[in-house]
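So this block is structure.cif, mmCIF, C-alpha atoms and all ligand atoms:
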```
data_input
loop_
_atom_site.label_atom_id
_atom_site.label_comp_id
_atom_site.auth_asym_id
_atom_site.auth_seq_id
_atom_site.Cartn_x
_atom_site.Cartn_y
_atom_site.Cartn_z
CA MET A 42 77.42 158.31 190.20
CA PRO A 43 75.65 155.06 189.31
CA SER A 44 76.89 152.22 191.53
CA ILE A 45 75.80 148.76 192.50
CA ALA A 46 76.99 146.34 195.17
CA ILE A 47 77.11 142.60 194.48
CA ILE A 48 76.67 140.98 197.88
CA GLY A 49 76.61 137.28 198.74
CA ALA A 50 73.42 136.66 200.70
CA GLN A 51 74.41 133.22 202.02
CA TRP A 52 77.67 131.46 202.95
CA GLY A 53 79.64 132.44 199.85
CA ASP A 54 79.92 130.60 196.53
CA GLU A 55 76.61 132.10 195.35
CA GLY A 56 77.92 132.74 191.84
CA LYS A 57 78.85 136.38 192.37
CA GLY A 58 81.60 136.23 189.72
CA LYS A 59 79.16 135.54 186.91
CA ILE A 60 76.75 138.26 188.04
CA THR A 61 79.56 140.81 188.45
CA ASP A 62 80.80 139.94 184.98
CA PHE A 63 77.27 140.21 183.57
CA LEU A 64 76.69 143.64 185.10
CA SER A 65 80.17 145.01 184.53
CA GLY A 66 79.61 145.13 180.76
CA SER A 67 78.74 148.81 181.16
CA ALA A 68 80.93 149.54 184.21
CA ASP A 69 84.03 151.71 184.43
CA PHE A 70 85.27 150.28 187.73
CA VAL A 71 84.98 146.94 189.53
CA VAL A 72 86.08 147.17 193.16
CA ARG A 73 86.91 144.45 195.70
CA PHE A 74 86.66 145.79 199.24
CA GLN A 75 87.39 142.85 201.58
CA GLY A 76 88.87 139.38 201.80
CA GLY A 77 91.74 138.02 199.75
CA ASP A 78 92.54 134.87 197.86
CA ASN A 79 90.22 132.86 200.10
CA ALA A 80 87.60 133.82 197.48
CA GLY A 81 86.98 131.88 194.30
CA HIS A 82 85.07 133.57 191.50
CA THR A 83 84.55 131.53 188.36
CA ILE A 84 83.63 133.25 185.11
CA HIS A 85 82.88 131.59 181.77
CA SER A 86 83.34 133.83 178.76
CA LYS A 87 83.63 132.94 175.08
CA GLY A 88 84.49 129.33 175.88
CA VAL A 89 87.21 130.24 178.38
CA LYS A 90 86.90 129.54 182.11
CA TYR A 91 88.54 132.09 184.42
CA ALA A 92 89.10 131.15 188.08
CA LEU A 93 89.76 134.36 190.00
CA HIS A 94 90.72 134.62 193.65
CA LEU A 95 92.15 138.05 194.33
CA LEU A 96 91.42 140.04 191.22
CA PRO A 97 88.04 141.71 190.70
CA SER A 98 85.83 140.08 188.08
CA GLY A 99 86.22 143.03 185.70
CA VAL A 100 89.68 141.80 184.71
CA ILE A 101 88.40 139.73 181.85
CA ARG A 102 87.40 142.94 180.05
CA ASP A 103 90.37 145.10 179.18
CA ASP A 104 88.50 148.43 179.34
CA ILE A 105 87.57 148.24 183.05
CA MET A 106 89.66 149.56 185.95
CA ASN A 107 89.84 146.90 188.67
CA VAL A 108 90.48 148.14 192.18
CA LEU A 109 91.82 146.06 195.06
CA GLY A 110 90.59 148.16 197.94
CA ASN A 111 92.11 148.98 201.32
CA GLY A 112 89.88 146.45 203.10
CA MET A 113 91.55 143.56 201.32
CA VAL A 114 94.38 141.33 202.50
CA ILE A 115 96.62 140.58 199.54
CA ASN A 116 99.08 137.75 199.05
CA PRO A 117 101.54 139.29 196.56
CA GLU A 118 102.75 135.92 195.27
CA SER A 119 99.17 134.81 194.53
CA LEU A 120 98.48 138.13 192.84
CA ILE A 121 101.46 137.78 190.50
CA GLU A 122 100.44 134.20 189.70
CA GLU A 123 96.89 135.28 188.88
CA LEU A 124 98.09 138.14 186.68
CA ASN A 125 100.43 135.78 184.81
CA THR A 126 97.61 133.28 184.24
CA LEU A 127 95.44 136.05 182.80
CA LYS A 128 98.25 137.23 180.55
CA ALA A 129 98.67 133.67 179.25
CA LEU A 130 94.96 133.73 178.37
CA GLY A 131 95.47 136.94 176.38
CA ARG A 132 94.05 139.34 178.94
CA HIS A 133 95.78 142.61 179.90
CA PRO A 134 93.74 143.92 182.82
CA GLN A 135 93.97 147.39 184.29
CA ILE A 136 94.45 147.21 188.05
CA ALA A 137 94.95 149.56 190.97
CA ILE A 138 96.01 148.30 194.40
CA SER A 139 95.31 150.31 197.54
CA ASN A 140 98.40 151.40 199.42
CA ARG A 141 96.37 150.79 202.60
CA ALA A 142 95.52 147.14 201.82
CA HIS A 143 97.30 144.67 204.08
CA VAL A 144 99.85 142.15 202.85
CA ILE A 145 99.69 138.40 203.50
CA MET A 146 103.15 137.01 204.17
CA PRO A 147 104.24 133.34 204.40
CA TYR A 148 104.13 133.47 208.20
CA HIS A 149 100.41 134.32 208.07
CA LEU A 150 99.77 131.03 206.26
CA MET A 151 101.77 129.18 208.92
CA ARG A 152 99.83 130.89 211.71
CA ASP A 153 96.52 130.05 209.97
CA GLN A 154 97.49 126.35 209.96
CA ALA A 155 98.59 126.53 213.60
CA SER A 156 95.30 128.07 214.75
CA GLU A 157 93.29 125.57 212.68
CA ASP A 158 95.06 122.77 214.55
CA THR A 159 93.36 123.94 217.74
CA GLN A 160 90.28 125.89 216.55
CA ASN A 161 88.95 123.88 213.58
CA ILE A 162 86.98 126.61 211.78
CA GLY A 163 87.73 125.01 208.42
CA THR A 164 89.48 128.09 206.98
CA THR A 165 90.94 128.17 203.49
CA LEU A 166 94.44 128.25 205.10
CA LYS A 167 95.31 131.32 203.01
CA GLY A 168 96.46 133.35 206.02
CA ILE A 169 93.37 135.58 205.98
CA GLY A 170 92.57 135.57 209.72
CA PRO A 171 96.17 136.16 210.88
CA ALA A 172 96.64 139.06 208.41
CA TYR A 173 93.47 140.74 209.74
CA GLN A 174 94.69 139.97 213.27
CA ASP A 175 97.88 141.93 212.63
CA LYS A 176 95.86 144.75 211.08
CA ALA A 177 93.62 145.04 214.15
CA ALA A 178 96.62 144.75 216.48
CA ARG A 179 98.27 147.64 214.56
CA VAL A 180 101.34 145.61 213.64
CA GLY A 181 100.33 144.76 210.05
CA LEU A 182 102.24 145.31 206.83
CA ARG A 183 100.49 147.55 204.30
CA MET A 184 100.99 147.61 200.54
CA GLY A 185 102.45 151.12 200.55
CA THR A 186 105.14 150.00 203.01
CA PHE A 187 105.74 146.69 201.26
CA VAL A 188 106.49 148.17 197.83
CA ASP A 189 109.06 150.60 199.23
CA LYS A 190 112.11 148.39 199.83
CA ASP A 191 113.55 150.66 202.57
CA LEU A 192 110.24 150.86 204.41
CA PHE A 193 109.75 147.10 204.03
CA ALA A 194 113.18 146.41 205.57
CA ALA A 195 112.45 148.87 208.40
CA TYR A 196 109.06 147.19 209.01
CA LEU A 197 110.66 143.77 209.29
CA LYS A 198 113.31 145.08 211.66
CA THR A 199 110.69 146.44 214.05
CA TYR A 200 107.75 144.06 213.74
CA TYR A 201 108.99 140.71 212.46
CA PRO A 202 109.68 139.27 215.93
CA TYR A 203 106.03 139.95 216.91
CA VAL A 204 104.33 138.64 213.78
CA LYS A 205 106.48 135.78 212.47
CA GLY A 206 104.96 132.96 214.52
CA ALA A 207 107.03 129.81 214.05
CA SER A 208 108.67 131.02 210.82
CA THR A 209 112.41 130.47 210.58
CA GLU A 210 112.81 132.53 207.40
CA THR A 211 115.16 135.47 208.07
CA PRO A 212 114.16 139.06 207.23
CA GLU A 213 116.99 139.12 204.67
CA ALA A 214 115.59 136.00 202.97
CA LEU A 215 112.14 137.60 202.86
CA ILE A 216 113.56 140.76 201.31
CA ARG A 217 115.33 138.70 198.62
CA ARG A 218 112.24 136.55 197.99
CA TYR A 219 109.97 139.55 197.46
CA ALA A 220 112.32 141.91 195.55
CA PRO A 221 111.11 140.93 192.04
CA ILE A 222 107.47 140.91 193.18
CA ILE A 223 107.81 144.40 194.61
CA ASP A 224 109.22 145.63 191.30
CA ALA A 225 106.29 144.08 189.43
CA LEU A 226 103.53 145.39 191.73
CA LYS A 227 104.83 148.84 192.68
CA PRO A 228 103.46 150.66 189.60
CA PHE A 229 99.90 149.61 190.52
CA VAL A 230 99.96 150.67 194.19
CA GLN A 231 98.26 153.98 194.90
CA ASP A 232 95.65 155.72 197.03
CA THR A 233 92.58 154.04 195.53
CA SER A 234 90.20 156.09 197.69
CA VAL A 235 91.40 159.19 195.81
CA LEU A 236 91.19 157.34 192.49
CA LEU A 237 87.59 156.32 193.19
CA SER A 238 86.47 159.68 194.51
CA GLU A 239 87.85 161.44 191.42
CA ALA A 240 86.04 158.91 189.22
CA ILE A 241 82.82 159.31 191.18
CA LYS A 242 82.93 163.08 190.62
CA LYS A 243 83.06 162.35 186.90
CA ASP A 244 80.01 160.07 187.14
CA ALA A 245 81.87 156.79 186.62
CA LYS A 246 79.84 153.55 186.84
CA VAL A 247 81.11 151.44 189.71
CA VAL A 248 80.45 147.81 190.65
CA PHE A 249 81.45 146.85 194.20
CA GLU A 250 82.16 143.13 194.23
CA GLY A 251 81.74 141.27 197.52
CA ALA A 252 83.60 138.04 198.21
CA GLN A 253 82.32 135.33 200.60
CA GLY A 254 78.79 136.07 201.90
CA THR A 255 76.72 137.69 204.61
CA MET A 256 76.63 134.57 206.81
CA LEU A 257 80.45 134.57 206.80
CA ASP A 258 80.59 138.21 207.95
CA ILE A 259 82.63 138.63 211.11
CA GLU A 260 79.90 140.86 212.66
CA GLN A 261 76.66 139.38 211.29
CA GLY A 262 77.59 135.83 210.33
CA THR A 263 77.61 132.52 212.18
CA TYR A 264 80.50 133.48 214.47
CA PRO A 265 83.06 131.98 215.02
CA TYR A 266 82.54 130.03 211.77
CA VAL A 267 83.07 133.13 209.68
CA THR A 268 85.78 134.87 207.75
CA SER A 269 87.66 137.81 209.29
CA SER A 270 86.15 140.64 207.24
CA SER A 271 82.74 142.16 206.41
CA PRO A 272 81.36 140.98 203.06
CA THR A 273 78.10 142.86 203.72
CA ALA A 274 77.15 146.17 202.08
CA ALA A 275 78.30 147.93 205.24
CA GLY A 276 81.84 146.74 204.51
CA ILE A 277 82.01 148.72 201.27
CA PRO A 278 82.57 152.28 202.49
CA LEU A 279 85.23 151.15 204.94
CA GLY A 280 86.95 148.70 202.60
CA ALA A 281 86.82 150.79 199.43
CA GLY A 282 87.39 154.21 200.98
CA VAL A 283 84.19 155.74 199.59
CA ALA A 284 81.41 157.50 201.50
CA PRO A 285 78.40 155.30 202.41
CA LYS A 286 76.05 157.34 200.22
CA HIS A 287 78.02 156.28 197.14
CA VAL A 288 76.67 152.74 197.48
CA GLN A 289 73.43 153.27 195.61
CA LYS A 290 71.95 149.84 194.95
CA VAL A 291 72.52 146.50 196.63
CA LEU A 292 71.94 143.26 194.74
CA GLY A 293 71.76 140.14 196.91
CA ILE A 294 73.18 137.07 195.18
CA VAL A 295 71.26 133.97 196.23
CA LYS A 296 72.00 130.44 195.15
CA ALA A 297 68.69 128.62 194.52
CA TYR A 298 69.66 126.25 197.36
CA ASN A 299 72.25 126.58 200.12
CA SER A 300 75.85 125.49 200.37
CA ARG A 301 78.67 126.03 202.79
CA VAL A 302 82.25 124.92 203.17
CA GLY A 303 84.02 124.61 206.47
CA GLU A 304 82.62 123.80 209.86
CA GLY A 305 79.70 125.31 211.78
CA PRO A 306 75.95 124.93 212.23
CA PHE A 307 73.94 124.54 209.01
CA VAL A 308 70.25 124.26 209.90
CA SER A 309 68.99 123.69 206.36
CA GLU A 310 71.52 120.93 205.46
CA MET A 311 69.71 118.36 203.27
CA PRO A 312 69.95 114.56 203.32
CA GLU A 313 73.14 113.32 201.62
CA LYS A 314 71.24 111.43 198.88
CA ASP A 315 69.90 114.75 197.50
CA ALA A 316 73.02 116.72 198.43
CA HIS A 317 75.09 114.28 196.39
CA ILE A 318 72.96 114.84 193.26
CA ILE A 319 73.33 118.61 193.52
CA ARG A 320 77.04 118.46 194.40
CA GLU A 321 77.84 116.43 191.29
CA LYS A 322 75.49 118.32 188.98
CA ALA A 323 76.73 121.75 190.04
CA ASN A 324 80.32 120.78 190.82
CA GLU A 325 79.91 121.96 194.39
CA TYR A 326 83.56 121.70 195.33
CA GLY A 327 85.54 124.67 196.67
CA THR A 328 87.16 126.78 193.92
CA THR A 329 90.00 127.64 196.28
CA THR A 330 90.39 124.46 198.31
CA GLY A 331 88.66 121.72 196.28
CA ARG A 332 86.72 120.66 199.40
CA PRO A 333 83.23 119.16 198.83
CA ARG A 334 80.62 121.72 199.84
CA ARG A 335 77.83 120.91 202.28
CA ILE A 336 74.43 121.33 200.59
CA GLY A 337 71.13 122.51 202.08
CA TYR A 338 67.62 123.61 201.20
CA LEU A 339 67.21 127.32 200.60
CA ASP A 340 67.20 128.89 204.06
CA LEU A 341 64.80 131.85 204.12
CA VAL A 342 65.48 132.58 207.79
CA ALA A 343 69.12 133.25 206.94
CA LEU A 344 68.05 135.14 203.83
CA LYS A 345 65.79 137.45 205.83
CA HIS A 346 68.69 138.03 208.21
CA ALA A 347 70.85 138.95 205.21
CA HIS A 348 68.15 141.31 203.90
CA ARG A 349 67.89 143.02 207.29
CA VAL A 350 71.59 143.84 207.41
CA ASN A 351 72.07 144.65 203.70
CA HIS A 352 68.68 145.98 202.55
CA PHE A 353 68.70 144.34 199.11
CA ASP A 354 67.04 146.18 196.24
CA ALA A 355 66.67 142.87 194.41
CA PHE A 356 67.85 139.29 194.39
CA ALA A 357 69.79 137.57 191.64
CA ILE A 358 68.95 133.87 191.94
CA THR A 359 71.78 131.69 190.65
CA LEU A 360 72.19 128.02 189.68
CA PHE A 361 68.43 127.71 189.28
CA ASP A 362 68.86 125.14 186.46
CA VAL A 363 70.41 122.77 189.03
CA LEU A 364 67.01 122.32 190.74
CA SER A 365 65.39 120.86 187.63
CA GLY A 366 64.59 117.14 187.97
CA PHE A 367 63.54 117.08 191.63
CA GLU A 368 59.99 115.87 192.27
CA SER A 369 59.58 118.44 195.02
CA LEU A 370 61.45 121.51 196.20
CA HIS A 371 61.92 122.65 199.78
CA LEU A 372 62.25 125.99 201.52
CA VAL A 373 63.26 126.47 205.15
CA THR A 374 60.78 129.02 206.47
CA GLY A 375 61.53 128.92 210.19
CA TYR A 376 63.73 127.35 212.86
CA ARG A 377 62.24 125.14 215.58
CA LEU A 378 63.99 125.77 218.88
CA ASN A 379 62.88 123.91 222.03
CA GLY A 380 59.38 123.44 220.60
CA THR A 381 58.95 127.07 219.47
CA VAL A 382 59.25 128.33 215.89
CA ILE A 383 61.53 131.33 215.50
CA ASP A 384 62.22 133.40 212.38
CA TYR A 385 65.63 134.84 213.23
CA VAL A 386 69.19 133.49 213.35
CA PRO A 387 70.31 133.00 216.96
CA ALA A 388 73.70 134.55 217.75
CA GLU A 389 75.19 131.75 219.82
CA ARG A 390 76.54 128.77 217.93
CA GLU A 391 75.18 126.32 220.53
CA THR A 392 71.64 127.73 220.11
CA LEU A 393 71.88 127.73 216.32
CA GLN A 394 73.17 124.15 216.42
CA ALA A 395 70.06 123.16 218.39
CA CYS A 396 67.65 124.57 215.76
CA GLU A 397 65.67 122.24 213.49
CA PRO A 398 64.41 123.42 210.10
CA VAL A 399 60.71 124.13 209.47
CA ILE A 400 60.30 123.01 205.87
CA GLU A 401 57.76 124.09 203.26
CA THR A 402 57.44 121.71 200.30
CA LEU A 403 56.61 122.91 196.80
CA PRO A 404 56.15 120.96 193.56
CA GLY A 405 59.33 120.52 191.49
CA PHE A 406 59.93 120.88 187.76
CA ASP A 407 61.51 118.56 185.19
CA GLU A 408 62.17 120.77 182.20
CA ASP A 409 65.68 121.80 181.18
CA ILE A 410 65.61 125.56 181.77
CA SER A 411 69.27 126.25 180.97
CA GLY A 412 68.49 127.76 177.57
CA LEU A 413 65.76 130.16 178.74
CA THR A 414 66.15 133.92 178.74
CA ASP A 415 62.52 134.87 179.40
CA TRP A 416 60.68 134.78 182.74
CA ASN A 417 57.41 133.82 181.06
CA ALA A 418 59.00 130.74 179.48
CA LEU A 419 59.86 129.25 182.88
CA PRO A 420 57.74 126.24 183.93
CA ASP A 421 54.89 127.19 186.31
CA HIS A 422 56.43 125.35 189.25
CA ALA A 423 59.78 127.08 188.71
CA ARG A 424 58.10 130.49 188.78
CA GLN A 425 56.10 129.45 191.84
CA TYR A 426 59.34 128.67 193.73
CA LEU A 427 60.80 132.07 192.90
CA GLN A 428 57.56 133.89 193.74
CA ARG A 429 57.45 132.16 197.12
CA ILE A 430 60.96 133.47 197.85
CA GLU A 431 59.80 136.98 196.95
CA THR A 432 56.69 136.71 199.13
CA LEU A 433 58.46 135.33 202.18
CA THR A 434 61.44 137.72 202.09
CA GLY A 435 59.82 140.85 200.62
CA VAL A 436 62.65 141.19 198.08
CA PRO A 437 61.91 141.13 194.33
CA VAL A 438 63.79 138.70 192.11
CA GLY A 439 65.48 140.90 189.51
CA MET A 440 67.44 138.29 187.64
CA VAL A 441 67.82 134.53 187.41
CA SER A 442 70.92 132.69 186.25
CA VAL A 443 70.26 129.36 184.54
CA GLY A 444 73.80 128.41 183.54
CA PRO A 445 77.40 129.60 183.77
CA ASP A 446 77.50 131.54 180.50
CA ARG A 447 76.70 135.28 180.38
CA ARG A 448 73.87 134.53 177.94
CA GLN A 449 72.19 132.06 180.30
CA THR A 450 70.50 134.84 182.23
CA ILE A 451 66.88 135.90 182.68
CA LEU A 452 66.61 139.60 183.40
CA MET A 453 63.32 140.87 184.82
CA THR A 454 64.20 144.52 185.24
CA ARG A 455 67.06 146.76 184.26
CA ILE A 456 69.41 146.39 187.21
CA PHE A 457 72.41 148.58 186.39
P1 LIG B 1 89.01 132.07 205.93
O1 LIG B 1 88.32 133.17 205.20
O2 LIG B 1 90.02 131.34 205.08
O3 LIG B 1 89.60 132.52 207.24
O4 LIG B 1 87.91 130.95 206.30
C1 LIG B 1 86.87 131.21 207.23
C2 LIG B 1 85.58 130.54 206.79
O5 LIG B 1 85.09 131.18 205.62
C3 LIG B 1 85.73 129.06 206.43
O6 LIG B 1 84.53 128.38 206.78
C4 LIG B 1 85.88 129.09 204.93
O7 LIG B 1 85.49 127.89 204.31
C5 LIG B 1 84.91 130.21 204.59
N1 LIG B 1 85.23 130.89 203.32
C6 LIG B 1 86.22 131.75 203.08
N2 LIG B 1 86.19 132.19 201.81
C7 LIG B 1 85.14 131.59 201.23
C8 LIG B 1 84.55 131.67 199.92
O8 LIG B 1 84.99 132.40 199.03
N3 LIG B 1 83.45 130.89 199.72
C9 LIG B 1 82.91 130.11 200.70
N4 LIG B 1 83.42 130.02 201.92
C10 LIG B 1 84.51 130.76 202.19
#
```

Rewrite the structure from the file as structure tokens, please.
Ligand code: IMP
Amino acid sequence: MPSIAIIGAQWGDEGKGKITDFLSGSADFVVRFQGGDNAGHTIHSKGVKYALHLLPSGVIRDDIMNVLGNGMVINPESLIEELNTLKALGRHPQIAISNRAHVIMPYHLMRDQASEDTQNIGTTLKGIGPAYQDKAARVGLRMGTFVDKDLFAAYLKTYYPYVKGASTETPEALIRRYAPIIDALKPFVQDTSVLLSEAIKKDAKVVFEGAQGTMLDIEQGTYPYVTSSSPTAAGIPLGAGVAPKHVQKVLGIVKAYNSRVGEGPFVSEMPEKDAHIIREKANEYGTTTGRPRRIGYLDLVALKHAHRVNHFDAFAITLFDVLSGFESLHLVTGYRLNGTVIDYVPAERETLQACEPVIETLPGFDEDISGLTDWNALPDHARQYLQRIETLTGVPVGMVSVGPDRRQTILMTRIF
């Protein structure tokens, strides 16, 4: 079965939606395997802008099956809203929702706010962490239970006192609130592991779509400033219910510079005068929260860390057109820690916070590259920047995105 994983190599917001859409032209399935509506994937197609949060990026093509895998945490109200928005735009997506995915309830959002008041991670306040908390504590609500009204009522009777936090909503009110949503979602809920394994036997083409990014991974990211799931390639088998060997190729999505939202150490953060230019040019504001993103030079130490844990077959470099117009470009090639240069990401936040960037400066380029579709047409200095990334990470650049539209893409090799 041909399959490819689209994995964020940085702190999320790398432009995975566009790349997934680009590659899913020939796909049969697009599968989300972690996260929830904390994600924001923007796709531009035929003059229409789609802002997706929960739904896989295949939904803008009607002939693709979009799977919301068991590793996801799903807010049913957000899902209905997103489906209605798509319908209003003339789209009729095929979707399948795992009966093992966990459900985000209103009390998870309240608990997220309450923990932010003390912890200050800068979460999206979508209830993601508390829903995964309940899952790990074995008191969570799963989709299969939720869409069966008797099982849902029985769940609330047993578990509501333990999970409700400060919520004053009664179980009866919750049952009434969700009744129409259950009716709408029930037909899509199934064992998506079985669905995928049957498709794989028939040689279906599958795109696994990561949300967030490697540095936000709960295991490998900048803990505790991370999300509560694993957006790395290793998260796919667990979160999609497929065997590890069915993940054939891993494409690392790399924004040509760095950005992050929320709190936490950010070694490659650039001076605000340059950050401001990029933020306005590239609209670097959160798709989900509207928060201004912090901007940094491309951090190759973090990128090598991401390559180590994902083993990328190639990089897709995104938003490269945004770097045009700078006299010089900068790459962070090492971290200086107490007078020594290191080339790995320290695990402890205090140590990472103490690191200073080692910066390599390259000549910039002025040309507008947003109309280019050919590697050879890129200005010399633009190519030099990309080649330096390849040399220092050991990962080939397989594609370059130079604008939001599907056509604004330079493809070096056949990727999928
Ligand atoms: P949570 O996922 O809402 O719990 O937030 C945890 C951290 O992940 C915060 O720093 C968020 O800003 C960040 N985060 C979550 N989802 C995304 C995303 O899609 N893009 C970028 N950052 C994200």

Show me, as a PDB file with C-alpha atoms, in the coordinates of the input, the residues that have an atom within 10 Å of segment 380-395 of chain A when counting only C-alpha atoms, minus same-chain residues fewer than 2 positions from it.
```pdb
ATOM      1  CA  MET A 256      76.630 134.570 206.810  1.00  0.00           C
ATOM      2  CA  GLN A 261      76.660 139.380 211.290  1.00  0.00           C
ATOM      3  CA  GLY A 262      77.590 135.830 210.330  1.00  0.00           C
ATOM      4  CA  THR A 263      77.610 132.520 212.180  1.00  0.00           C
ATOM      5  CA  TYR A 264      80.500 133.480 214.470  1.00  0.00           C
ATOM      6  CA  PRO A 265      83.060 131.980 215.020  1.00  0.00           C
ATOM      7  CA  TYR A 266      82.540 130.030 211.770  1.00  0.00           C
ATOM      8  CA  GLY A 305      79.700 125.310 211.780  1.00  0.00           C
ATOM      9  CA  PRO A 306      75.950 124.930 212.230  1.00  0.00           C
ATOM     10  CA  PHE A 307      73.940 124.540 209.010  1.00  0.00           C
ATOM     11  CA  VAL A 308      70.250 124.260 209.900  1.00  0.00           C
ATOM     12  CA  LEU A 341      64.800 131.850 204.120  1.00  0.00           C
ATOM     13  CA  VAL A 342      65.480 132.580 207.790  1.00  0.00           C
ATOM     14  CA  ALA A 343      69.120 133.250 206.940  1.00  0.00           C
ATOM     15  CA  LEU A 344      68.050 135.140 203.830  1.00  0.00           C
ATOM     16  CA  LYS A 345      65.790 137.450 205.830  1.00  0.00           C
ATOM     17  CA  HIS A 346      68.690 138.030 208.210  1.00  0.00           C
ATOM     18  CA  ALA A 347      70.850 138.950 205.210  1.00  0.00           C
ATOM     19  CA  THR A 374      60.780 129.020 206.470  1.00  0.00           C
ATOM     20  CA  GLY A 375      61.530 128.920 210.190  1.00  0.00           C
ATOM     21  CA  TYR A 376      63.730 127.350 212.860  1.00  0.00           C
ATOM     22  CA  ARG A 377      62.240 125.140 215.580  1.00  0.00           C
ATOM     23  CA  LEU A 378      63.990 125.770 218.880  1.00  0.00           C
ATOM     24  CA  GLU A 397      65.670 122.240 213.490  1.00  0.00           C
ATOM     25  CA  PRO A 398      64.410 123.420 210.100  1.00  0.00           C
ATOM     26  CA  VAL A 399      60.710 124.130 209.470  1.00  0.00           C
TER      27      VAL A 399
END
```

Write out as CSV a residue-level contact list of chain A versus ligand LIG 1 (chain B) with cut-off 7 Å: for each qualifying residue the closest pair of atoms and the distance in Å to one decimal, counting all atoms listed in the file, rows sorted by chain and residue number upward.
```
residue,atom,partner,partner_atom,distance
A:Trp52,CA,B:LIG1,C9,5.9
A:Gly53,CA,B:LIG1,C9,4.1
A:Asp54,CA,B:LIG1,N3,4.8
A:Asn79,CA,B:LIG1,N2,4.4
A:Ala80,CA,B:LIG1,O8,3.4
A:Gly81,CA,B:LIG1,O8,5.2
A:Ile162,CA,B:LIG1,O6,5.8
A:Gly163,CA,B:LIG1,O6,4.9
A:Thr164,CA,B:LIG1,O4,3.3
A:Thr165,CA,B:LIG1,O2,3.7
A:Leu166,CA,B:LIG1,O2,5.4
A:Lys167,CA,B:LIG1,O2,5.7
A:Gly168,CA,B:LIG1,O2,6.8
A:Ile169,CA,B:LIG1,O3,5.0
A:Gly170,CA,B:LIG1,O3,4.9
A:Ala252,CA,B:LIG1,O8,5.9
A:Gln253,CA,B:LIG1,O8,4.3
A:Leu257,CA,B:LIG1,O5,5.9
A:Tyr266,CA,B:LIG1,O6,5.6
A:Val267,CA,B:LIG1,C2,4.6
A:Thr268,CA,B:LIG1,C1,3.9
A:Ser269,CA,B:LIG1,O3,6.0
A:Arg301,CA,B:LIG1,C9,6.2
A:Val302,CA,B:LIG1,O7,4.5
A:Gly303,CA,B:LIG1,O6,3.8
A:Glu304,CA,B:LIG1,O6,5.8
```

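The smallest atom-to-atom distance between Asn351 of chain A and any of A:Ala68, A:Ile60, A:Leu192, A:Ile48, using all atoms listed in the file, is found for A:Ile48.
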
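Atom CA of Ala195 of chain A is found 24.7 Å from atom CA of Leu109 of chain A.
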
Can you tell me which residues surround Lys227 of chain A at a distance of at most 10 Å, considering only C-alpha atoms, apart from same-chain residues fewer than 2 positions away, and format the answer as a compact mmCIF listing (two decimals) with C-alpha atoms, in the coordinates of the input?
```
# COMPACT_ATOMS: atom_id res chain seq x y z
CA ILE A 138 96.01 148.30 194.40
CA ASN A 140 98.40 151.40 199.42
CA MET A 184 100.99 147.61 200.54
CA GLY A 185 102.45 151.12 200.55
CA PHE A 187 105.74 146.69 201.26
CA VAL A 188 106.49 148.17 197.83
CA ASP A 189 109.06 150.60 199.23
CA ILE A 222 107.47 140.91 193.18
CA ILE A 223 107.81 144.40 194.61
CA ASP A 224 109.22 145.63 191.30
CA ALA A 225 106.29 144.08 189.43
CA PHE A 229 99.90 149.61 190.52
CA VAL A 230 99.96 150.67 194.19
CA GLN A 231 98.26 153.98 194.90
```

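When atom CA of Thr450 of chain A is paired with atom CA of Ala323 of chain A, their separation reads 16.5 Å.
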
For this session: Find the spatial neighbours of segment 289-292 of chain A, counting only C-alpha atoms, within a cut-off of 7 Å - ignore same-chain residues fewer than 2 positions away - and output them as a count of residues only.
Result: 14

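Of the residues under consideration (A:Lys190, A:Arg349, A:Lys296, A:His133), A:Lys296 shows the shortest atom-to-atom contact distance to Glu325 of chain A when counting only C-alpha atoms.
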
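Atom CA of Pro272 of chain A is found 18.5 Å from atom CA of Val144 of chain A.
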
Counting only C-alpha atoms, which residues of segment 71-156 of chain A sit at most 9 Å from some atom of segment 200-221 of chain A, and what is each one's closest atom pair with its distance in Å to one decimal, listed by chain and rising residue number, as CSV?
```
residue,atom,partner,partner_atom,distance
A:Pro117,CA,A:Tyr219,CA,8.5
A:Glu118,CA,A:Tyr219,CA,8.4
A:Pro147,CA,A:Ser208,CA,8.1
A:Tyr148,CA,A:Lys205,CA,5.4
A:His149,CA,A:Lys205,CA,7.6
A:Met151,CA,A:Ala207,CA,7.4
A:Arg152,CA,A:Gly206,CA,6.2
```

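Proximity to Ser365 of chain A was assessed for A:Pro404, A:Gly58, A:Gly99, A:Gly131 counting all atoms listed in the file; the smallest distance is recorded for A:Pro404.
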
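The shortest atom-to-atom distance to Ser300 of chain A, with all atoms listed in the file taken into account, belongs to A:Asn324 out of A:Thr233, A:Gln449, A:Ser270, A:Asn324.
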
Exercise. Counting only C-alpha atoms, what is within 10 Å of Arg455 of chain A, bar same-chain residues fewer than 2 positions away, as a PyMOL selection string?
Worked result: chain A and resi 439-440+452-453+457

Exercise. Which neighbours of Ile358 of chain A fall inside 6 Å, counting all atoms listed in the file, when residues of the same chain fewer than 6 positions from it are skipped, and could you give them as a ChimeraX atom specification?
Worked result: /A:295-297,441

Around all the atoms of segment 176-180 of chain A listed in the file, with 4 Å of room on each side, what axis-aligned box do you get, giving centre and edge lengths in Å to one decimal, as JSON?
```
{"center_x": 97.5, "center_y": 146.2, "center_z": 213.8, "size_x": 15.7, "size_y": 10.9, "size_z": 13.4}
```

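Residue nearest Asp78 of chain A, chosen from A:Gly251, A:Pro228, A:Thr329, A:Lys243 and counting all atoms listed in the file: A:Thr329.
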